[in-house]
Each structure stands twice: as structure tokens, then as C-alpha cells.
file my_file.cif (mmCIF, C-alpha atoms)
data_entry
#
loop_
_atom_site.label_atom_id
_atom_site.label_comp_id
_atom_site.auth_asym_id
_atom_site.auth_seq_id
_atom_site.Cartn_x
_atom_site.Cartn_y
_atom_site.Cartn_z
CA ARG E 1 29.54 88.00 66.07
CA ILE E 2 29.93 88.91 69.74
CA GLU E 3 27.47 87.66 72.34
CA SER E 4 27.22 87.88 76.12
CA LEU E 5 29.24 91.10 76.39
CA ALA E 6 27.67 93.99 78.25
CA ASN E 7 30.04 96.68 77.01
CA ILE E 8 33.04 97.16 74.74
CA GLU E 9 35.09 100.34 74.67
CA ILE E 10 37.84 100.87 72.10
CA THR E 11 40.28 103.75 72.53
CA ASN E 12 42.99 103.89 69.86
CA GLU E 13 44.83 100.57 70.27
CA LEU E 14 43.45 99.82 73.73
CA LEU E 15 40.36 97.67 74.16
CA LYS E 16 38.72 97.19 77.52
CA LEU E 17 36.12 94.47 77.82
CA TRP E 18 33.32 94.22 80.38
CA CYS E 19 31.00 91.27 80.81
CA SER E 20 28.21 91.46 83.36
CA SER E 21 25.30 89.14 84.22
CA ALA E 22 25.30 87.52 80.80
CA GLY E 23 23.11 84.59 79.84
CA THR E 24 26.03 82.52 78.60
CA SER E 25 29.64 82.59 79.67
CA ASP E 26 31.44 80.75 76.87
CA PHE E 27 33.81 83.22 75.26
CA GLY E 28 34.20 80.81 72.35
CA VAL E 29 31.19 82.55 70.77
CA ILE E 30 33.44 85.48 69.86
CA ARG E 31 34.14 85.56 66.13
CA THR E 32 36.06 88.16 64.15
CA THR E 33 38.55 88.26 61.30
CA GLU E 34 39.91 91.66 62.29
CA GLN E 35 42.53 90.27 64.64
CA GLU E 36 44.81 93.27 64.37
CA LEU E 37 42.08 95.53 65.72
CA PHE E 38 42.02 93.98 69.15
CA LYS E 39 44.69 94.59 71.76
CA ILE E 40 42.82 93.91 74.97
CA SER E 41 44.71 94.88 78.11
CA LEU E 42 41.91 94.83 80.70
CA VAL E 43 39.04 92.41 81.26
CA GLU E 44 36.36 92.97 83.91
CA ILE E 45 33.93 90.19 84.74
CA SER E 46 30.96 90.89 86.98
CA ASN E 47 28.67 88.15 88.29
CA VAL E 48 29.52 85.76 85.45
CA ARG E 49 31.17 82.34 85.48
CA ILE E 50 33.52 81.67 82.59
CA ARG E 51 33.38 78.07 81.38
CA ALA E 52 35.89 78.26 78.55
CA ILE E 53 37.64 80.41 75.99
CA ARG E 54 37.88 78.49 72.74
CA PRO E 55 41.22 78.36 70.91
CA GLU E 56 39.97 80.44 67.99
CA ALA E 57 39.32 83.37 70.36
CA THR E 58 42.77 83.19 71.98
CA PHE E 59 44.20 86.11 70.00
CA LEU E 60 41.76 88.48 71.72
CA PHE E 61 43.37 87.97 75.12
CA GLU E 62 47.06 87.43 74.40
CA GLN E 63 48.01 90.86 75.73
CA VAL E 64 45.73 91.06 78.76
CA SER E 65 47.60 92.36 81.79
CA THR E 66 44.65 93.05 84.13
CA VAL E 67 41.71 90.87 85.13
CA LYS E 68 39.02 92.15 87.50
CA VAL E 69 36.41 89.78 88.93
CA LYS E 70 33.47 91.17 90.91
CA TYR E 71 30.59 89.58 92.79
CA ALA E 72 31.93 86.03 92.60
CA LYS E 73 30.04 83.52 94.74
CA ASN E 74 33.26 82.08 96.09
CA PHE E 75 37.00 82.47 95.82
CA GLU E 76 37.38 79.35 93.67
CA ASP E 77 35.00 80.70 91.00
CA ALA E 78 36.87 84.00 90.88
CA VAL E 79 40.23 82.28 90.44
CA GLN E 80 38.82 80.06 87.68
CA VAL E 81 37.73 83.14 85.75
CA ALA E 82 41.20 84.67 86.04
CA GLN E 83 42.79 81.36 85.14
CA ALA E 84 40.75 81.10 81.93
CA PHE E 85 42.21 84.38 80.70
CA ASN E 86 45.68 83.74 82.10
CA LYS E 87 45.98 80.61 79.95
CA LYS E 88 45.50 82.72 76.83
CA ILE E 89 48.08 85.36 77.69
CA LYS E 90 51.42 85.10 75.97
CA PRO E 91 53.90 83.39 78.34
CA GLU E 92 56.39 86.23 78.07
CA ASN E 93 53.73 88.67 79.31
CA GLY E 94 51.81 87.02 82.14
CA LEU E 95 49.00 88.50 84.22
CA ARG E 96 50.29 91.48 86.20
CA THR E 97 47.15 92.78 87.95
CA LEU E 98 44.39 90.68 89.52
CA SER E 99 41.34 92.05 91.30
CA ILE E 100 38.93 89.77 93.17
CA CYS E 101 36.68 92.19 95.00
CA GLN E 102 33.14 92.74 96.21
CA GLY E 103 32.72 88.98 96.49
CA ASN E 104 29.68 87.24 97.90
CA PHE E 105 31.89 84.77 99.76
CA ARG E 106 30.20 82.50 102.27
CA VAL E 107 33.52 81.44 103.75
CA ARG E 108 35.33 84.47 105.11
CA ALA E 109 38.77 82.91 105.42
CA LEU E 110 41.42 82.22 102.80
CA THR E 111 43.19 78.98 103.67
CA ALA E 112 46.53 77.76 102.34
CA PRO E 113 44.93 75.50 99.66
CA GLU E 114 42.81 78.38 98.38
CA LEU E 115 45.74 80.76 98.28
CA HIS E 116 47.91 78.21 96.51
CA THR E 117 45.51 78.35 93.56
CA LEU E 118 47.08 81.76 92.91
CA ARG E 119 50.48 80.16 92.39
CA GLN E 120 49.82 80.02 88.64
CA PHE E 121 49.95 83.83 88.50
CA ASP E 122 53.68 83.88 89.04
CA ARG E 123 54.21 87.34 87.54
CA LEU E 124 51.52 89.07 89.54
CA GLU E 125 52.54 92.54 90.75
CA GLU E 126 49.22 93.98 91.93
CA LEU E 127 46.48 92.19 93.90
CA ASP E 128 43.15 93.64 94.99
CA LEU E 129 41.14 91.61 97.53
CA SER E 130 39.04 94.50 98.82
CA ARG E 131 35.40 94.37 99.91
CA ASN E 132 35.19 90.63 100.46
CA TRP E 133 34.32 90.55 104.19
CA LEU E 134 37.48 88.56 104.80
CA GLU E 135 38.19 87.88 108.47
CA GLU E 136 41.12 85.51 108.24
CA MET E 137 43.83 84.27 105.89
CA ASP E 138 46.81 81.98 106.06
CA THR E 139 49.50 84.65 106.17
CA ASP E 140 52.37 82.17 105.87
CA ALA E 141 50.98 80.87 102.58
CA PHE E 142 50.28 84.40 101.37
CA VAL E 143 53.80 85.62 102.11
CA GLU E 144 55.31 82.50 100.54
CA LEU E 145 53.49 83.25 97.30
CA PHE E 146 53.99 86.99 97.05
CA SER E 147 57.05 88.00 99.06
CA THR E 148 59.24 88.76 96.04
CA ASN E 149 57.02 90.15 93.25
CA LEU E 150 53.95 91.81 94.73
CA ARG E 151 54.19 95.62 94.68
CA LEU E 152 50.58 96.65 95.42
CA LEU E 153 48.11 95.03 97.81
CA LYS E 154 44.58 96.24 98.50
CA LEU E 155 42.87 94.66 101.49
CA ASN E 156 40.56 97.55 102.30
CA SER E 157 36.94 97.08 103.40
CA ASN E 158 37.39 93.65 104.92
CA CYS E 159 37.23 92.44 108.52
CA LEU E 160 40.91 91.78 109.11
CA GLY E 161 40.74 93.45 112.51
CA LYS E 162 39.57 90.04 113.72
CA MET E 163 42.92 88.47 112.84
CA LYS E 164 45.47 87.89 115.57
CA THR E 165 47.92 90.76 115.76
CA GLU E 166 50.96 88.58 115.11
CA LYS E 167 49.40 87.23 111.91
CA LEU E 168 48.64 90.69 110.62
CA VAL E 169 52.19 91.81 111.38
CA ALA E 170 53.56 88.70 109.65
CA LEU E 171 51.62 89.73 106.56
CA THR E 172 52.65 93.39 106.52
CA GLN E 173 56.29 92.60 107.37
CA GLY E 174 56.68 89.61 105.07
CA LEU E 175 55.98 91.20 101.70
CA LYS E 176 59.47 92.49 100.91
CA ALA E 177 58.71 94.03 97.49
CA LEU E 178 55.49 95.80 98.52
CA THR E 179 55.36 99.53 97.85
CA VAL E 180 51.60 100.23 98.16
CA LEU E 181 49.38 98.86 100.95
CA HIS E 182 45.73 99.71 101.56
CA LEU E 183 44.23 98.52 104.86
CA ASP E 184 41.38 101.03 105.09
CA SER E 185 38.08 100.07 106.71
CA ASN E 186 39.28 97.02 108.60
CA LYS E 187 38.73 98.05 112.24
CA VAL E 188 42.28 97.13 113.15
CA LYS E 189 41.99 99.52 116.14
CA SER E 190 45.68 99.39 117.09
CA LEU E 191 49.00 99.54 115.26
CA HIS E 192 52.25 98.18 116.62
CA ALA E 193 55.87 99.27 116.45
CA ASN E 194 57.81 98.04 113.43
CA MET E 195 54.59 96.73 111.92
CA PHE E 196 55.33 97.66 108.31
CA TYR E 197 58.20 96.73 106.02
CA ARG E 198 60.56 99.49 104.92
CA SER E 199 59.82 99.11 101.19
CA LEU E 200 56.46 100.93 101.46
CA VAL E 201 55.97 104.12 99.46
CA GLU E 202 52.22 104.49 100.04
CA LEU E 203 50.24 103.39 103.12
CA SER E 204 46.52 103.90 103.59
CA LEU E 205 45.08 103.43 107.10
CA GLY E 206 41.78 105.28 107.03
CA PHE E 207 38.63 104.07 108.83
CA ILE E 208 40.46 101.53 111.02
CA GLU E 209 39.17 103.00 114.29
CA ILE E 210 42.55 103.75 115.88
CA SER E 211 42.49 106.25 118.73
CA ALA E 212 46.26 106.52 119.23
CA LEU E 213 49.54 105.95 117.40
CA ARG E 214 52.20 104.10 119.34
CA SER E 215 55.78 105.22 119.34
CA GLY E 216 57.78 103.47 116.65
CA VAL E 217 54.81 102.45 114.52
CA PHE E 218 56.41 104.04 111.46
CA ASN E 219 59.99 103.03 112.23
CA GLY E 220 62.12 102.30 109.18
CA LEU E 221 59.69 103.71 106.64
CA ASP E 222 62.19 106.14 105.17
CA ARG E 223 60.84 105.55 101.65
CA LEU E 224 57.22 106.33 102.54
CA GLU E 225 55.87 109.24 100.47
CA LYS E 226 52.13 109.05 101.13
CA LEU E 227 50.35 108.27 104.42
CA ALA E 228 46.58 108.41 104.93
CA LEU E 229 45.13 108.36 108.45
CA ASP E 230 41.71 109.83 107.69
CA GLU E 231 38.43 109.02 109.44
CA ASN E 232 39.90 107.60 112.64
CA GLN E 233 39.52 108.57 116.29
CA LEU E 234 42.90 110.18 116.90
CA LYS E 235 42.75 112.77 119.67
CA SER E 236 46.36 113.80 120.07
CA LEU E 237 49.75 113.54 118.38
CA ASN E 238 52.14 114.46 121.16
CA ASP E 239 55.08 112.17 120.37
CA GLN E 240 57.66 114.46 118.79
CA ARG E 241 59.35 111.54 117.03
CA LEU E 242 56.20 109.90 115.67
CA PHE E 243 56.93 110.96 112.08
CA ALA E 244 60.66 111.53 112.56
CA GLY E 245 61.79 108.61 110.41
CA LEU E 246 59.52 109.50 107.50
CA THR E 247 62.17 111.51 105.69
CA SER E 248 60.56 111.01 102.26
CA LEU E 249 56.99 111.81 103.34
CA GLN E 250 55.29 114.23 100.95
CA HIS E 251 51.58 113.74 101.60
CA LEU E 252 49.91 113.19 104.98
CA THR E 253 46.14 113.29 105.48
CA LEU E 254 44.40 113.37 108.87
CA ARG E 255 40.91 114.44 107.87
CA HIS E 256 37.95 113.76 110.16
CA ASN E 257 39.75 112.73 113.33
CA ARG E 258 39.21 114.21 116.81
CA LEU E 259 42.52 116.00 117.15
CA VAL E 260 42.75 118.52 119.96
CA SER E 261 46.49 118.39 120.65
CA LEU E 262 49.63 118.38 118.48
CA HIS E 263 53.26 118.55 119.57
CA GLN E 264 54.70 121.81 118.26
CA ASN E 265 57.52 119.96 116.47
CA ILE E 266 55.53 116.94 115.32
CA PHE E 267 56.42 117.67 111.68
CA GLY E 268 59.88 119.06 112.40
CA GLN E 269 61.76 116.24 110.67
CA THR E 270 59.51 115.80 107.65
CA ALA E 271 61.15 118.33 105.37
CA SER E 272 59.57 116.88 102.21
CA LEU E 273 56.01 117.22 103.50
CA HIS E 274 53.82 119.44 101.31
#
call {"tool": "encode", "arguments": {"input": "my_file.cif", "output": "C-alpha cells"}}
result
Amino acid sequence: RIESLANIEITNELLKLWCSSAGTSDFGVIRTTEQELFKISLVEISNVRIRAIRPEATFLFEQVSTVKVKYAKNFEDAVQVAQAFNKKIKPENGLRTLSICQGNFRVRALTAPELHTLRQFDRLEELDLSRNWLEEMDTDAFVELFSTNLRLLKLNSNCLGKMKTEKLVALTQGLKALTVLHLDSNKVKSLHANMFYRSLVELSLGFIEISALRSGVFNGLDRLEKLALDENQLKSLNDQRLFAGLTSLQHLTLRHNRLVSLHQNIFGQTASLH
């Protein structure tokens, strides 16, 4: 007997579970004797608070690697949902992907105590905090938590342009294992030299309202393969060495800018560019 679940999709051995706006949020109501059938890898919770997962339902979630929480009223509620599932995952596996997005947060800042609640997810490799209207976060606490394991970070569609420049740089420079960073739709408006750490392979900077790219902004990014600069206000790219260090760059997008001037050799040292 399964209650409170909006949708279940089974594909071969993969089961993805969605729960949205349910009347009850106690996953202990799940009953089944066909334990071998279920190998859940992804759980998505939308606008639901999880009170508990009873021990007899543990087997359903032992192999979960991804938890997505949408429309949480606050950051604490979202973390509690993820924690409920994380406790049921086999210790040797651990949660690898956590998404807390499209939140209805009243407080638009993530303080050190709030961020430290993520410490329990010590194997986390991918974190999505997009579309939460975030204006501020304790970057020191964030870097302390995720400097060694985090590979993908999505911060798009927030308000991080309101952060002090040095704090934003501390965040982007401090995550030493990061390979994918999305900062789209944050109204950052300006980028600074040596702003990003050299480990990046993919960088998305669309809709951030930049009108110029300073010399040296992409210094050291010799591993970068994909760069998105769409939907900005760029008018000219006249610095011949702007992309010179991007020796691995394969994909560059500049759609919907205001470009009227390009240096004739702007792409002269990007031999891998398609």
C-alpha cells in the first residue's frame, strides 16, 4: 500500500519517486514485500515536509544518490527532508547530489549555522541552490564545507550580485575541486581578474548584466571546455588575449549580446574551439 505519492516511474531497475503536495508526509505508510523490485536512485519532494521514514521502509531508499527539494518554506525544512533520506542510505554510498531550489525562503541569507547543517552530507559532489532569491551567504563556511569534494555548483537565478565582490571571489576561488559552476541570472554586472579557480571545466555566466570583460578574467582556466556568456550587454571584445589562456575551450556562446566590435584575432589561441 503506497499513499501520499504523486507519481512513481519505474524504468528497468531504476525507480524515481516524486511526492508533491501530499496530505500526509510520513513515508512509513509505504508497505511492500517486493523489496528486490525497488532500487530508488532519485527522490524529488515538492512542497511537502517529511516527518519520518519508518525502519520497515528503509530498504526503499538505501541506494538513493540524488534528493531534490522544491518549494520549501525555509532552508531548515529543506535540509530536514534531505536528512531523512540520507539516514536511510547505505553508509558506503552516501548522498551525492542535493538540490534545494525554487524555495519560498523568507530569509535570503545563508549563515554559517545554516550551512553547517549540510555537514552531514560529507560525500556530496553536486549541489543545486538555484532560484532561491539568495542575496548573501557565509562564503567562509561554504568553502570550509565543500572545498575538497564538490564538483558541481548551481547558484543561478539568485540575487548574489548584492554580495560584496571579495566574498563572491572567495567563493569562486575557494572551491578547489569544482568543475562546473552556474552563476546565470545573478546581476553580478562585473567580473574580476583571476576570479575563478583553474579546476573549472564548465562556466555559465548568462544573464548577469555584464557590459565588458576585464583583461585577465579567465586567467588560469586552461581546463575550461565550455563557456556561456549569453544574454548580457557586451558591446565589444577587443582584447586580443581575452580568451588566450583557454587552450581547452571547445564551446563558447555569446547569443543575444550587443556586440559591434571584435578583435580580428580574438579567437586566435583557442584552437580547440568548435
call {"tool": "closest_residue", "arguments": {"input": "my_file.cif", "among": "E:Phe75, E:Tyr197, E:Phe267, E:Phe142", "to": "Arg106 in chain E", "atoms": "all atoms listed in the file"}}
result
E:Phe75
call {"tool": "closest_residue", "arguments": {"input": "my_file.cif", "among": "E:His274, E:Lys88, E:Arg96, E:Arg131", "to": "Leu183 in chain E", "atoms": "all atoms listed in the file"}}
result
E:Arg131
call {"tool": "resolve_selection", "arguments": {"input": "my_file.cif", "expression": "the PyMOL selection byres ((chain E and resi 92) around 12)", "output": "PyMOL selection string"}}
result
chain E and resi 62-65+86-91+93-96+122-123
call {"tool": "residues_around", "arguments": {"input": "my_file.cif", "residues": "Leu118 in chain E", "least_positions_apart": "4", "cutoff": "8 Å", "atoms": "only C-alpha atoms", "output": "count of residues only"}}
result
4
call {"tool": "resolve_selection", "arguments": {"input": "my_file.cif", "expression": "the PyMOL selection byres ((chain E and resi 233) around 12)", "output": "list in words"}}
result
Lys187, Lys189, Ser190, Leu205, Gly206, Phe207, Ile208, Glu209, Ile210, Ser211, Ala212, Leu213, Leu229, Asp230, Glu231, Asn232, Leu234, Lys235, Ser236, Leu237, Leu254, Arg255, His256, Asn257, Arg258, Leu259 and Val260 of chain E
call {"tool": "write_last_selection", "arguments": {"input": "my_file.cif", "atoms": "C-alpha atoms", "output": "PDB file, in the frame of the given file"}}
result
ATOM      1  CA  LYS E 187      38.730  98.050 112.240  1.00  0.00           C
ATOM      2  CA  LYS E 189      41.990  99.520 116.140  1.00  0.00           C
ATOM      3  CA  SER E 190      45.680  99.390 117.090  1.00  0.00           C
ATOM      4  CA  LEU E 205      45.080 103.430 107.100  1.00  0.00           C
ATOM      5  CA  GLY E 206      41.780 105.280 107.030  1.00  0.00           C
ATOM      6  CA  PHE E 207      38.630 104.070 108.830  1.00  0.00           C
ATOM      7  CA  ILE E 208      40.460 101.530 111.020  1.00  0.00           C
ATOM      8  CA  GLU E 209      39.170 103.000 114.290  1.00  0.00           C
ATOM      9  CA  ILE E 210      42.550 103.750 115.880  1.00  0.00           C
ATOM     10  CA  SER E 211      42.490 106.250 118.730  1.00  0.00           C
ATOM     11  CA  ALA E 212      46.260 106.520 119.230  1.00  0.00           C
ATOM     12  CA  LEU E 213      49.540 105.950 117.400  1.00  0.00           C
ATOM     13  CA  LEU E 229      45.130 108.360 108.450  1.00  0.00           C
ATOM     14  CA  ASP E 230      41.710 109.830 107.690  1.00  0.00           C
ATOM     15  CA  GLU E 231      38.430 109.020 109.440  1.00  0.00           C
ATOM     16  CA  ASN E 232      39.900 107.600 112.640  1.00  0.00           C
ATOM     17  CA  LEU E 234      42.900 110.180 116.900  1.00  0.00           C
ATOM     18  CA  LYS E 235      42.750 112.770 119.670  1.00  0.00           C
ATOM     19  CA  SER E 236      46.360 113.800 120.070  1.00  0.00           C
ATOM     20  CA  LEU E 237      49.750 113.540 118.380  1.00  0.00           C
ATOM     21  CA  LEU E 254      44.400 113.370 108.870  1.00  0.00           C
ATOM     22  CA  ARG E 255      40.910 114.440 107.870  1.00  0.00           C
ATOM     23  CA  HIS E 256      37.950 113.760 110.160  1.00  0.00           C
ATOM     24  CA  ASN E 257      39.750 112.730 113.330  1.00  0.00           C
ATOM     25  CA  ARG E 258      39.210 114.210 116.810  1.00  0.00           C
ATOM     26  CA  LEU E 259      42.520 116.000 117.150  1.00  0.00           C
ATOM     27  CA  VAL E 260      42.750 118.520 119.960  1.00  0.00           C
TER      28      VAL E 260
END
call {"tool": "residues_around", "arguments": {"input": "my_file.cif", "residues": "Gly174 in chain E", "least_positions_apart": "6", "cutoff": "9 Å", "atoms": "all atoms listed in the file", "output": "ChimeraX atom specification"}}
result
/E:139-140,143-144,146-147,196-197
call {"tool": "closest_residue", "arguments": {"input": "my_file.cif", "among": "E:Ile40, E:Val48, E:Leu152, E:Val201", "to": "Leu60 in chain E", "atoms": "all atoms listed in the file"}}
result
E:Ile40
call {"tool": "residues_around", "arguments": {"input": "my_file.cif", "residues": "Ala112 in chain E", "least_positions_apart": "6", "cutoff": "8 Å", "atoms": "only C-alpha atoms", "output": "JSON, numbers by chain"}}
result
{"E": [137, 138, 141, 142]}
call {"tool": "atom_distance", "arguments": {"input": "my_file.cif", "atom1": "CA of Arg198 in chain E", "atom2": "CA of Leu110 in chain E"}}
result
25.9 Å
call {"tool": "closest_residue", "arguments": {"input": "my_file.cif", "among": "E:Phe59, E:Gln83, E:Gln264, E:Leu115", "to": "Arg241 in chain E", "atoms": "all atoms listed in the file"}}
result
E:Gln264
call {"tool": "build_atoms", "arguments": {"input": "my_file.cif", "residues": "range 89-108 of chain E", "atoms": "N, CA, C and O atoms", "output": "compact mmCIF listing (two decimals), keeping the file's coordinate frame"}}
result
# COMPACT_ATOMS: atom_id res chain seq x y z
N ILE E 89 47.09 84.30 77.76
CA ILE E 89 48.08 85.36 77.69
C ILE E 89 49.41 84.79 77.23
O ILE E 89 49.80 83.69 77.62
N LYS E 90 50.11 85.54 76.42
CA LYS E 90 51.42 85.10 75.97
C LYS E 90 52.33 84.86 77.18
O LYS E 90 52.39 85.68 78.10
N PRO E 91 53.06 83.73 77.17
CA PRO E 91 53.90 83.39 78.34
C PRO E 91 54.89 84.47 78.74
O PRO E 91 55.17 84.66 79.92
N GLU E 92 55.41 85.20 77.74
CA GLU E 92 56.39 86.23 78.07
C GLU E 92 55.75 87.45 78.73
O GLU E 92 56.45 88.31 79.28
N ASN E 93 54.43 87.55 78.67
CA ASN E 93 53.73 88.67 79.31
C ASN E 93 53.28 88.29 80.73
O ASN E 93 53.82 88.77 81.71
N GLY E 94 52.30 87.44 80.83
CA GLY E 94 51.81 87.02 82.14
C GLY E 94 50.88 88.06 82.75
O GLY E 94 51.03 89.26 82.53
N LEU E 95 49.93 87.60 83.54
CA LEU E 95 49.00 88.50 84.22
C LEU E 95 49.74 89.29 85.28
O LEU E 95 50.42 88.73 86.13
N ARG E 96 49.58 90.61 85.26
CA ARG E 96 50.29 91.48 86.20
C ARG E 96 49.38 92.04 87.30
O ARG E 96 49.85 92.31 88.40
N THR E 97 48.08 92.20 86.98
CA THR E 97 47.15 92.78 87.95
C THR E 97 45.91 91.90 88.06
O THR E 97 45.28 91.60 87.05
N LEU E 98 45.58 91.49 89.28
CA LEU E 98 44.39 90.68 89.52
C LEU E 98 43.55 91.32 90.62
O LEU E 98 44.06 91.66 91.68
N SER E 99 42.27 91.49 90.33
CA SER E 99 41.34 92.05 91.30
C SER E 99 40.21 91.06 91.53
O SER E 99 39.50 90.69 90.59
N ILE E 100 40.07 90.61 92.76
CA ILE E 100 38.93 89.77 93.17
C ILE E 100 38.26 90.52 94.31
O ILE E 100 38.68 90.44 95.47
N CYS E 101 37.25 91.30 93.99
CA CYS E 101 36.68 92.19 95.00
C CYS E 101 35.16 92.15 94.98
O CYS E 101 34.55 91.65 94.04
N GLN E 102 34.58 92.68 96.04
CA GLN E 102 33.14 92.74 96.21
C GLN E 102 32.51 91.36 96.07
O GLN E 102 31.44 91.18 95.49
N GLY E 103 33.20 90.35 96.60
CA GLY E 103 32.72 88.98 96.49
C GLY E 103 31.59 88.67 97.45
O GLY E 103 31.48 89.25 98.52
N ASN E 104 30.76 87.72 97.05
CA ASN E 104 29.68 87.24 97.90
C ASN E 104 30.12 85.94 98.57
O ASN E 104 29.44 84.92 98.52
N PHE E 105 31.30 85.98 99.20
CA PHE E 105 31.89 84.77 99.76
C PHE E 105 31.13 84.32 101.01
O PHE E 105 30.86 85.12 101.90
N ARG E 106 30.81 83.05 101.06
CA ARG E 106 30.20 82.50 102.27
C ARG E 106 31.27 82.21 103.32
O ARG E 106 31.05 82.38 104.51
N VAL E 107 32.41 81.71 102.85
CA VAL E 107 33.52 81.44 103.75
C VAL E 107 34.41 82.67 103.80
O VAL E 107 34.90 83.12 102.77
N ARG E 108 34.62 83.21 104.98
CA ARG E 108 35.33 84.47 105.11
C ARG E 108 36.78 84.30 105.54
O ARG E 108 37.34 85.14 106.22
